[in-house]
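Source file protein14.pdb; content: PDB, C-alpha atoms, pLDDT in the B column.
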ATOM      1  CA  MET A   1     -63.984 -21.687  -1.683  1.00 68.00           C
ATOM      2  CA  SER A   2     -60.664 -20.501  -0.251  1.00 77.00           C
ATOM      3  CA  LEU A   3     -57.371 -20.513  -2.131  1.00 81.00           C
ATOM      4  CA  PRO A   4     -55.730 -23.080   0.214  1.00 84.00           C
ATOM      5  CA  GLN A   5     -58.655 -25.458  -0.364  1.00 84.00           C
ATOM      6  CA  ILE A   6     -58.357 -25.052  -4.135  1.00 85.00           C
ATOM      7  CA  LEU A   7     -54.608 -25.657  -3.997  1.00 86.00           C
ATOM      8  CA  SER A   8     -55.147 -28.732  -1.839  1.00 87.00           C
ATOM      9  CA  GLN A   9     -57.594 -30.236  -4.341  1.00 87.00           C
ATOM     10  CA  LEU A  10     -55.425 -29.312  -7.329  1.00 90.00           C
ATOM     11  CA  SER A  11     -52.185 -30.647  -5.845  1.00 89.00           C
ATOM     12  CA  GLY A  12     -52.794 -34.246  -6.939  1.00 88.00           C
ATOM     13  CA  GLY A  13     -53.652 -33.064 -10.438  1.00 90.00           C
ATOM     14  CA  MET A  14     -50.479 -30.974 -10.574  1.00 93.00           C
ATOM     15  CA  VAL A  15     -48.378 -34.079  -9.825  1.00 94.00           C
ATOM     16  CA  ARG A  16     -50.132 -35.980 -12.636  1.00 94.00           C
ATOM     17  CA  THR A  17     -49.605 -33.068 -15.034  1.00 95.00           C
ATOM     18  CA  ILE A  18     -45.885 -33.009 -14.233  1.00 95.00           C
ATOM     19  CA  GLY A  19     -45.800 -36.799 -14.700  1.00 95.00           C
ATOM     20  CA  ILE A  20     -47.291 -36.538 -18.202  1.00 96.00           C
ATOM     21  CA  PHE A  21     -44.773 -33.825 -19.067  1.00 96.00           C
ATOM     22  CA  PHE A  22     -41.640 -35.679 -17.969  1.00 96.00           C
ATOM     23  CA  LEU A  23     -42.657 -39.116 -19.265  1.00 97.00           C
ATOM     24  CA  THR A  24     -43.504 -37.611 -22.654  1.00 97.00           C
ATOM     25  CA  LEU A  25     -40.051 -36.023 -22.860  1.00 96.00           C
ATOM     26  CA  ILE A  26     -38.298 -39.198 -21.695  1.00 97.00           C
ATOM     27  CA  PHE A  27     -39.908 -41.221 -24.498  1.00 97.00           C
ATOM     28  CA  SER A  28     -40.330 -38.669 -27.296  1.00 97.00           C
ATOM     29  CA  LEU A  29     -36.824 -37.154 -27.373  1.00 96.00           C
ATOM     30  CA  PRO A  30     -34.938 -40.421 -28.112  1.00 96.00           C
ATOM     31  CA  LEU A  31     -37.788 -41.705 -30.292  1.00 97.00           C
ATOM     32  CA  GLY A  32     -37.667 -38.484 -32.300  1.00 96.00           C
ATOM     33  CA  LEU A  33     -33.964 -39.059 -32.958  1.00 95.00           C
ATOM     34  CA  LEU A  34     -34.661 -42.597 -34.227  1.00 96.00           C
ATOM     35  CA  VAL A  35     -37.480 -41.322 -36.450  1.00 96.00           C
ATOM     36  CA  SER A  36     -35.194 -38.625 -37.866  1.00 95.00           C
ATOM     37  CA  PHE A  37     -32.690 -41.363 -38.831  1.00 94.00           C
ATOM     38  CA  GLY A  38     -35.511 -43.239 -40.566  1.00 94.00           C
ATOM     39  CA  ARG A  39     -36.536 -40.036 -42.322  1.00 93.00           C
ATOM     40  CA  MET A  40     -33.003 -39.675 -43.735  1.00 92.00           C
ATOM     41  CA  VAL A  41     -32.306 -43.274 -44.854  1.00 92.00           C
ATOM     42  CA  LYS A  42     -31.624 -43.935 -48.527  1.00 90.00           C
ATOM     43  CA  ASN A  43     -34.188 -46.749 -48.751  1.00 93.00           C
ATOM     44  CA  PRO A  44     -37.203 -45.019 -50.380  1.00 93.00           C
ATOM     45  CA  VAL A  45     -39.764 -47.381 -48.797  1.00 95.00           C
ATOM     46  CA  LEU A  46     -38.561 -46.825 -45.241  1.00 94.00           C
ATOM     47  CA  LYS A  47     -38.026 -43.122 -45.859  1.00 94.00           C
ATOM     48  CA  ASN A  48     -41.596 -42.673 -47.117  1.00 95.00           C
ATOM     49  CA  LEU A  49     -43.022 -44.715 -44.213  1.00 96.00           C
ATOM     50  CA  PHE A  50     -41.340 -42.452 -41.680  1.00 95.00           C
ATOM     51  CA  LYS A  51     -42.350 -39.419 -43.708  1.00 95.00           C
ATOM     52  CA  LEU A  52     -45.984 -40.611 -43.638  1.00 96.00           C
ATOM     53  CA  TYR A  53     -45.796 -41.150 -39.874  1.00 96.00           C
ATOM     54  CA  ILE A  54     -44.515 -37.612 -39.344  1.00 96.00           C
ATOM     55  CA  SER A  55     -47.130 -36.198 -41.708  1.00 96.00           C
ATOM     56  CA  VAL A  56     -50.017 -37.953 -39.930  1.00 96.00           C
ATOM     57  CA  MET A  57     -48.827 -37.050 -36.445  1.00 96.00           C
ATOM     58  CA  ARG A  58     -48.240 -33.392 -37.316  1.00 95.00           C
ATOM     59  CA  GLY A  59     -51.291 -33.106 -39.553  1.00 96.00           C
ATOM     60  CA  THR A  60     -53.966 -34.322 -37.118  1.00 96.00           C
ATOM     61  CA  PRO A  61     -54.931 -32.844 -33.727  1.00 96.00           C
ATOM     62  CA  LEU A  62     -53.280 -34.318 -30.647  1.00 95.00           C
ATOM     63  CA  MET A  63     -56.669 -34.547 -28.949  1.00 94.00           C
ATOM     64  CA  LEU A  64     -57.959 -36.724 -31.802  1.00 95.00           C
ATOM     65  CA  GLN A  65     -54.866 -38.956 -31.575  1.00 95.00           C
ATOM     66  CA  LEU A  66     -55.397 -39.237 -27.830  1.00 95.00           C
ATOM     67  CA  MET A  67     -58.985 -40.397 -28.297  1.00 93.00           C
ATOM     68  CA  VAL A  68     -57.964 -42.884 -31.014  1.00 94.00           C
ATOM     69  CA  PHE A  69     -55.314 -44.432 -28.749  1.00 93.00           C
ATOM     70  CA  TYR A  70     -57.726 -44.594 -25.822  1.00 93.00           C
ATOM     71  CA  PHE A  71     -60.909 -45.824 -27.516  1.00 92.00           C
ATOM     72  CA  GLY A  72     -59.327 -47.599 -30.508  1.00 90.00           C
ATOM     73  CA  PRO A  73     -58.423 -50.880 -28.760  1.00 89.00           C
ATOM     74  CA  TYR A  74     -62.004 -51.270 -27.536  1.00 88.00           C
ATOM     75  CA  TYR A  75     -63.663 -50.653 -30.901  1.00 88.00           C
ATOM     76  CA  LEU A  76     -61.083 -52.647 -32.878  1.00 86.00           C
ATOM     77  CA  PHE A  77     -60.320 -55.549 -30.539  1.00 82.00           C
ATOM     78  CA  ARG A  78     -62.979 -55.289 -27.796  1.00 81.00           C
ATOM     79  CA  MET A  79     -60.139 -54.834 -25.363  1.00 79.00           C
ATOM     80  CA  ASN A  80     -60.903 -53.776 -21.807  1.00 79.00           C
ATOM     81  CA  ILE A  81     -59.793 -50.150 -21.553  1.00 78.00           C
ATOM     82  CA  GLY A  82     -60.141 -49.895 -17.803  1.00 75.00           C
ATOM     83  CA  GLY A  83     -57.390 -49.911 -15.210  1.00 76.00           C
ATOM     84  CA  ASN A  84     -54.207 -48.133 -16.202  1.00 86.00           C
ATOM     85  CA  TRP A  85     -54.998 -47.993 -19.914  1.00 90.00           C
ATOM     86  CA  ARG A  86     -56.126 -44.360 -19.727  1.00 91.00           C
ATOM     87  CA  PHE A  87     -52.695 -43.227 -18.505  1.00 93.00           C
ATOM     88  CA  ILE A  88     -50.857 -45.537 -20.948  1.00 94.00           C
ATOM     89  CA  ALA A  89     -52.902 -44.156 -23.868  1.00 94.00           C
ATOM     90  CA  ILE A  90     -52.046 -40.592 -22.825  1.00 96.00           C
ATOM     91  CA  ILE A  91     -48.297 -41.267 -22.675  1.00 97.00           C
ATOM     92  CA  LEU A  92     -48.376 -43.212 -25.971  1.00 96.00           C
ATOM     93  CA  SER A  93     -50.260 -40.526 -27.875  1.00 96.00           C
ATOM     94  CA  PHE A  94     -48.239 -37.638 -26.432  1.00 97.00           C
ATOM     95  CA  SER A  95     -44.905 -39.397 -26.992  1.00 97.00           C
ATOM     96  CA  LEU A  96     -45.647 -40.444 -30.569  1.00 97.00           C
ATOM     97  CA  ASN A  97     -47.010 -37.009 -31.420  1.00 97.00           C
ATOM     98  CA  TYR A  98     -44.067 -35.064 -30.026  1.00 97.00           C
ATOM     99  CA  ALA A  99     -41.555 -37.544 -31.446  1.00 97.00           C
ATOM    100  CA  ALA A 100     -42.741 -36.510 -34.912  1.00 97.00           C
ATOM    101  CA  TYR A 101     -42.059 -32.839 -34.177  1.00 97.00           C
ATOM    102  CA  PHE A 102     -38.713 -33.564 -32.545  1.00 97.00           C
ATOM    103  CA  ALA A 103     -37.753 -35.782 -35.510  1.00 96.00           C
ATOM    104  CA  GLU A 104     -38.070 -32.877 -37.940  1.00 96.00           C
ATOM    105  CA  ILE A 105     -36.136 -30.622 -35.591  1.00 96.00           C
ATOM    106  CA  TYR A 106     -33.352 -33.203 -35.317  1.00 95.00           C
ATOM    107  CA  ARG A 107     -33.337 -33.719 -39.080  1.00 94.00           C
ATOM    108  CA  SER A 108     -32.980 -30.021 -39.815  1.00 93.00           C
ATOM    109  CA  GLY A 109     -30.099 -29.768 -37.362  1.00 92.00           C
ATOM    110  CA  ILE A 110     -28.275 -32.840 -38.664  1.00 91.00           C
ATOM    111  CA  GLU A 111     -28.640 -31.842 -42.309  1.00 90.00           C
ATOM    112  CA  SER A 112     -27.334 -28.351 -41.555  1.00 89.00           C
ATOM    113  CA  MET A 113     -23.949 -29.705 -40.477  1.00 87.00           C
ATOM    114  CA  PRO A 114     -21.105 -29.214 -43.014  1.00 86.00           C
ATOM    115  CA  VAL A 115     -20.099 -32.375 -44.902  1.00 84.00           C
ATOM    116  CA  GLY A 116     -16.461 -31.494 -44.282  1.00 86.00           C
ATOM    117  CA  GLN A 117     -16.810 -32.433 -40.622  1.00 85.00           C
ATOM    118  CA  TYR A 118     -17.774 -36.004 -41.543  1.00 84.00           C
ATOM    119  CA  GLU A 119     -14.867 -36.217 -43.971  1.00 84.00           C
ATOM    120  CA  ALA A 120     -12.375 -34.852 -41.429  1.00 87.00           C
ATOM    121  CA  ALA A 121     -13.576 -37.304 -38.780  1.00 86.00           C
ATOM    122  CA  LYS A 122     -13.200 -40.184 -41.243  1.00 84.00           C
ATOM    123  CA  LEU A 123      -9.605 -39.155 -41.961  1.00 85.00           C
ATOM    124  CA  LEU A 124      -8.925 -39.113 -38.215  1.00 84.00           C
ATOM    125  CA  GLY A 125     -10.126 -42.712 -37.954  1.00 86.00           C
ATOM    126  CA  TYR A 126     -13.527 -42.141 -36.347  1.00 86.00           C
ATOM    127  CA  SER A 127     -16.290 -44.636 -37.099  1.00 87.00           C
ATOM    128  CA  ARG A 128     -19.680 -43.349 -38.299  1.00 85.00           C
ATOM    129  CA  SER A 129     -21.253 -43.755 -34.848  1.00 86.00           C
ATOM    130  CA  GLN A 130     -18.294 -42.075 -33.132  1.00 87.00           C
ATOM    131  CA  THR A 131     -18.418 -39.218 -35.624  1.00 89.00           C
ATOM    132  CA  PHE A 132     -22.098 -38.658 -35.010  1.00 87.00           C
ATOM    133  CA  PHE A 133     -22.255 -38.922 -31.217  1.00 85.00           C
ATOM    134  CA  ARG A 134     -18.897 -37.287 -30.396  1.00 87.00           C
ATOM    135  CA  ILE A 135     -18.675 -34.561 -33.037  1.00 86.00           C
ATOM    136  CA  ILE A 136     -21.956 -33.950 -34.869  1.00 88.00           C
ATOM    137  CA  PHE A 137     -24.655 -34.531 -32.251  1.00 87.00           C
ATOM    138  CA  PRO A 138     -23.327 -32.094 -29.588  1.00 87.00           C
ATOM    139  CA  GLN A 139     -23.289 -29.334 -32.214  1.00 88.00           C
ATOM    140  CA  VAL A 140     -26.761 -30.338 -33.435  1.00 89.00           C
ATOM    141  CA  VAL A 141     -28.110 -30.054 -29.871  1.00 89.00           C
ATOM    142  CA  LYS A 142     -26.780 -26.493 -29.666  1.00 88.00           C
ATOM    143  CA  ARG A 143     -28.405 -25.532 -32.974  1.00 89.00           C
ATOM    144  CA  ILE A 144     -31.810 -27.084 -32.309  1.00 92.00           C
ATOM    145  CA  LEU A 145     -32.182 -26.091 -28.655  1.00 92.00           C
ATOM    146  CA  PRO A 146     -34.355 -22.977 -29.321  1.00 91.00           C
ATOM    147  CA  SER A 147     -36.767 -25.059 -31.428  1.00 94.00           C
ATOM    148  CA  VAL A 148     -36.824 -27.841 -28.839  1.00 95.00           C
ATOM    149  CA  THR A 149     -37.533 -25.262 -26.137  1.00 94.00           C
ATOM    150  CA  ASN A 150     -40.590 -24.040 -28.058  1.00 95.00           C
ATOM    151  CA  GLU A 151     -41.928 -27.592 -28.302  1.00 96.00           C
ATOM    152  CA  VAL A 152     -41.272 -28.289 -24.624  1.00 95.00           C
ATOM    153  CA  ILE A 153     -43.158 -25.136 -23.634  1.00 95.00           C
ATOM    154  CA  THR A 154     -46.037 -26.191 -25.867  1.00 95.00           C
ATOM    155  CA  LEU A 155     -46.016 -29.612 -24.195  1.00 96.00           C
ATOM    156  CA  VAL A 156     -46.553 -28.026 -20.783  1.00 95.00           C
ATOM    157  CA  LYS A 157     -49.786 -26.488 -22.050  1.00 94.00           C
ATOM    158  CA  ASP A 158     -50.821 -29.542 -24.076  1.00 95.00           C
ATOM    159  CA  THR A 159     -50.907 -31.706 -20.940  1.00 95.00           C
ATOM    160  CA  SER A 160     -54.322 -30.145 -20.315  1.00 93.00           C
ATOM    161  CA  LEU A 161     -55.660 -32.117 -23.311  1.00 94.00           C
ATOM    162  CA  ALA A 162     -55.702 -35.211 -21.094  1.00 93.00           C
ATOM    163  CA  PHE A 163     -59.116 -33.996 -19.935  1.00 90.00           C
ATOM    164  CA  ALA A 164     -60.484 -35.425 -23.221  1.00 90.00           C
ATOM    165  CA  VAL A 165     -60.242 -38.946 -21.751  1.00 90.00           C
ATOM    166  CA  ALA A 166     -61.260 -37.836 -18.243  1.00 85.00           C
ATOM    167  CA  TYR A 167     -57.804 -38.241 -16.753  1.00 90.00           C
ATOM    168  CA  MET A 168     -57.654 -36.398 -13.457  1.00 90.00           C
ATOM    169  CA  GLU A 169     -54.790 -34.045 -14.195  1.00 91.00           C
ATOM    170  CA  MET A 170     -54.788 -30.481 -12.950  1.00 91.00           C
ATOM    171  CA  PHE A 171     -56.945 -28.844 -15.634  1.00 91.00           C
ATOM    172  CA  THR A 172     -59.628 -31.554 -15.360  1.00 91.00           C
ATOM    173  CA  ILE A 173     -59.827 -31.072 -11.591  1.00 91.00           C
ATOM    174  CA  ALA A 174     -59.911 -27.289 -12.022  1.00 92.00           C
ATOM    175  CA  LYS A 175     -62.879 -27.633 -14.400  1.00 91.00           C
ATOM    176  CA  GLN A 176     -64.737 -29.839 -11.937  1.00 90.00           C
ATOM    177  CA  ILE A 177     -64.170 -27.453  -9.029  1.00 90.00           C
ATOM    178  CA  ALA A 178     -65.178 -24.449 -11.138  1.00 89.00           C
ATOM    179  CA  ALA A 179     -68.387 -26.187 -12.261  1.00 89.00           C
ATOM    180  CA  SER A 180     -69.390 -27.473  -8.812  1.00 87.00           C
ATOM    181  CA  LYS A 181     -68.512 -24.327  -6.844  1.00 83.00           C
ATOM    182  CA  THR A 182     -69.372 -21.802  -9.597  1.00 84.00           C
ATOM    183  CA  THR A 183     -66.071 -19.989  -9.186  1.00 86.00           C
ATOM    184  CA  PHE A 184     -63.435 -18.900 -11.669  1.00 90.00           C
ATOM    185  CA  MET A 185     -60.592 -19.122  -9.134  1.00 91.00           C
ATOM    186  CA  PRO A 186     -59.493 -22.700 -10.059  1.00 91.00           C
ATOM    187  CA  PHE A 187     -58.788 -21.524 -13.625  1.00 92.00           C
ATOM    188  CA  VAL A 188     -56.710 -18.621 -12.294  1.00 92.00           C
ATOM    189  CA  VAL A 189     -54.683 -21.021 -10.140  1.00 92.00           C
ATOM    190  CA  ALA A 190     -54.232 -23.351 -13.126  1.00 92.00           C
ATOM    191  CA  ALA A 191     -53.093 -20.448 -15.309  1.00 93.00           C
ATOM    192  CA  VAL A 192     -50.509 -19.405 -12.703  1.00 93.00           C
ATOM    193  CA  PHE A 193     -49.256 -22.975 -12.445  1.00 93.00           C
ATOM    194  CA  TYR A 194     -48.810 -23.319 -16.228  1.00 94.00           C
ATOM    195  CA  TYR A 195     -47.086 -19.944 -16.406  1.00 95.00           C
ATOM    196  CA  VAL A 196     -44.655 -20.704 -13.564  1.00 94.00           C
ATOM    197  CA  PHE A 197     -43.938 -24.175 -14.957  1.00 94.00           C
ATOM    198  CA  ASN A 198     -43.198 -22.711 -18.386  1.00 94.00           C
ATOM    199  CA  LEU A 199     -41.052 -19.994 -16.811  1.00 95.00           C
ATOM    200  CA  ILE A 200     -38.961 -22.656 -15.056  1.00 95.00           C
ATOM    201  CA  VAL A 201     -38.622 -24.608 -18.317  1.00 94.00           C
ATOM    202  CA  ALA A 202     -37.541 -21.458 -20.193  1.00 93.00           C
ATOM    203  CA  VAL A 203     -34.929 -20.574 -17.542  1.00 94.00           C
ATOM    204  CA  VAL A 204     -33.506 -24.125 -17.506  1.00 93.00           C
ATOM    205  CA  MET A 205     -33.293 -24.264 -21.296  1.00 91.00           C
ATOM    206  CA  GLU A 206     -31.671 -20.812 -21.430  1.00 90.00           C
ATOM    207  CA  LYS A 207     -28.993 -21.946 -18.977  1.00 91.00           C
ATOM    208  CA  LEU A 208     -28.434 -25.071 -21.059  1.00 88.00           C
ATOM    209  CA  GLU A 209     -27.980 -22.897 -24.157  1.00 85.00           C
ATOM    210  CA  LYS A 210     -25.351 -20.812 -22.376  1.00 85.00           C
ATOM    211  CA  LYS A 211     -23.482 -23.960 -21.334  1.00 83.00           C
ATOM    212  CA  LEU A 212     -23.326 -25.015 -24.972  1.00 78.00           C
ATOM    213  CA  ASP A 213     -21.923 -21.665 -26.140  1.00 73.00           C
ATOM    214  CA  TYR A 214     -18.471 -23.181 -26.669  1.00 60.00           C
ATOM    215  CA  TYR A 215     -19.833 -24.831 -29.850  1.00 53.00           C
ATOM    216  CA  ARG A 216     -20.053 -21.438 -31.538  1.00 56.00           C
TER     217      ARG A 216
END
What do you get writing this file as structure tokens?
Amino acid sequence: MSLPQILSQLSGGMVRTIGIFFLTLIFSLPLGLLVSFGRMVKNPVLKNLFKLYISVMRGTPLMLQLMVFYFGPYYLFRMNIGGNWRFIAIILSFSLNYAAYFAEIYRSGIESMPVGQYEAAKLLGYSRSQTFFRIIFPQVVKRILPSVTNEVITLVKDTSLAFAVAYMEMFTIAKQIAASKTTFMPFVVAAVFYYVFNLIVAVVMEKLEKKLDYYR
């Protein structure tokens, strides 16, 4: 099987892989911030609930979570899991899983900020929300960016786990071609794609870090 033929068959899977990646980031980054707020509240009940959520999501394999989200509704409620449910389950499981990791990254960044900055902002007449989003959060983003970059790079590779529910993303298609044509070339193409995608992510994040250098 020629390389152009392999690329042609993998192209649709590449688009789906990129879709999983971007949708997961769109949902998990803001959700992670909300979870980090819940993790830092003074109410012990809420704090422990969010802490349990983070512990479960970080302490169990993403593939297992993916299968629970996909098959769970059928076994629990006899819900029809056909149609678009496969894709919805993938985005739900990926987003909730990565939100837990991002939440801890956000929390570490927020808690590392000097208390004096909050006090100074209060004296200047800033509200709590203004203090956070105009003064604290931009500095937090600068501090946590290397950790976020690591998670984003991991996400690129984790998109291949969608094969567990037979979603036709790039790695699933590569496996099928390799099995039917008895060739290793689809895996080589997939490896190059993941590497180039991660290289682009790393370059973009590095440029973003340089733009935030004025927070030093």
**Q.** Distance query Glu151 of chain A at most 10 Å, all atoms listed in the file, self and fewer than 6 positions along chain excluded, as a PyMOL selection string
**A.** chain A and resi 98+101-102+105+145
I need the residue set behind the PyMOL selection byres ((chain A and resi 6) around 12) for this file; please write it as a PDB file with C-alpha atoms, keeping the file's coordinate frame.
ATOM      1  CA  MET A   1     -63.984 -21.687  -1.683  1.00 68.00           C
ATOM      2  CA  SER A   2     -60.664 -20.501  -0.251  1.00 77.00           C
ATOM      3  CA  LEU A   3     -57.371 -20.513  -2.131  1.00 81.00           C
ATOM      4  CA  PRO A   4     -55.730 -23.080   0.214  1.00 84.00           C
ATOM      5  CA  GLN A   5     -58.655 -25.458  -0.364  1.00 84.00           C
ATOM      6  CA  LEU A   7     -54.608 -25.657  -3.997  1.00 86.00           C
ATOM      7  CA  SER A   8     -55.147 -28.732  -1.839  1.00 87.00           C
ATOM      8  CA  GLN A   9     -57.594 -30.236  -4.341  1.00 87.00           C
ATOM      9  CA  LEU A  10     -55.425 -29.312  -7.329  1.00 90.00           C
ATOM     10  CA  SER A  11     -52.185 -30.647  -5.845  1.00 89.00           C
ATOM     11  CA  GLY A  12     -52.794 -34.246  -6.939  1.00 88.00           C
ATOM     12  CA  GLY A  13     -53.652 -33.064 -10.438  1.00 90.00           C
ATOM     13  CA  MET A  14     -50.479 -30.974 -10.574  1.00 93.00           C
ATOM     14  CA  MET A 170     -54.788 -30.481 -12.950  1.00 91.00           C
ATOM     15  CA  ILE A 173     -59.827 -31.072 -11.591  1.00 91.00           C
ATOM     16  CA  ALA A 174     -59.911 -27.289 -12.022  1.00 92.00           C
ATOM     17  CA  LYS A 175     -62.879 -27.633 -14.400  1.00 91.00           C
ATOM     18  CA  GLN A 176     -64.737 -29.839 -11.937  1.00 90.00           C
ATOM     19  CA  ILE A 177     -64.170 -27.453  -9.029  1.00 90.00           C
ATOM     20  CA  ALA A 178     -65.178 -24.449 -11.138  1.00 89.00           C
ATOM     21  CA  LYS A 181     -68.512 -24.327  -6.844  1.00 83.00           C
ATOM     22  CA  THR A 183     -66.071 -19.989  -9.186  1.00 86.00           C
ATOM     23  CA  PHE A 184     -63.435 -18.900 -11.669  1.00 90.00           C
ATOM     24  CA  MET A 185     -60.592 -19.122  -9.134  1.00 91.00           C
ATOM     25  CA  PRO A 186     -59.493 -22.700 -10.059  1.00 91.00           C
ATOM     26  CA  PHE A 187     -58.788 -21.524 -13.625  1.00 92.00           C
ATOM     27  CA  VAL A 188     -56.710 -18.621 -12.294  1.00 92.00           C
ATOM     28  CA  VAL A 189     -54.683 -21.021 -10.140  1.00 92.00           C
ATOM     29  CA  ALA A 190     -54.232 -23.351 -13.126  1.00 92.00           C
TER      30      ALA A 190
END
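Proximity ranking of A:Ile18, A:Leu49, A:Ile200, A:Ala179 relative to Asp158 of chain A places A:Ile18 first, based on all atoms listed in the file.
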Q. Phe37 of chain A: which residues within 10 Å, counting all atoms listed in the file, same-chain residues fewer than 2 positions away excluded, as a list in words?
A. Leu31, Gly32, Leu33, Leu34, Val35, Arg39, Met40, Val41, Lys47, Phe50, Ala103, Tyr106, Arg107 and Ile110 of chain A
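Distances from A:Glu169, A:Thr154, A:Tyr118, A:Gly109 to Asn198 of chain A were compared using only C-alpha atoms, and the smallest one belongs to A:Thr154.
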Q: Translate the PyMOL selection byres ((chain A and resi 132) around 12), as applied to the file shown, into an explicit residue set as number ranges by chain.
A: A: 37, 110-111, 113, 115, 117-119, 121-122, 126-131, 133-141
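Atom CA of Tyr194 of chain A sits 27.9 Å away from atom CA of Phe71 of chain A.
If you look at atom CA of Ser95 of chain A and atom CA of Leu155 of chain A, they are 10.2 Å away from each other.
Candidate residues A:Ala162, A:Leu25, A:Leu46, A:Val196 were compared for distance to Val148 of chain A, and the nearest is A:Leu25, using all atoms listed in the file.
Minimum atom-to-atom distance to Gly83 of chain A, evaluated using all atoms listed in the file, belongs to A:Tyr167 out of A:Thr172, A:Tyr167, A:Lys207, A:Leu124.
The spacing separating atom CA of Leu96 of chain A from atom CA of Met57 of chain A amounts to 7.5 Å.
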Q | Matched chain/residue IDs from the PyMOL selection byres ((chain A and resi 70) around 10), as a count of residues only | A | 23
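Residue nearest Ser112 of chain A within the list A:Lys51, A:Arg16, A:Lys42, A:Arg143: A:Arg143 [criterion: smallest interatomic distance, all atoms listed in the file].
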Return the padded bounding box of segment 91-104 of chain A as AutoDock Vina command-line options: axis-aligned, built from all atoms listed in the file, 5 Å added on each side, with centre and edge lengths in Å to one decimal.
--center_x -44.0 --center_y -38.0 --center_z -30.3 --size_x 22.5 --size_y 20.4 --size_z 25.3
Q) Taking into account all atoms listed in the file, which residue in the set A:Ile26, A:Ile91, A:Leu212, A:Ala100 is nearest to Tyr53 of chain A? A) A:Ala100
Q. Neighbours of Thr24 of chain A within 7 Å (all atoms listed in the file; same-chain residues fewer than 3 positions away dropped), as a ChimeraX atom specification?
A. /A:20-21,27-28,91,94-95
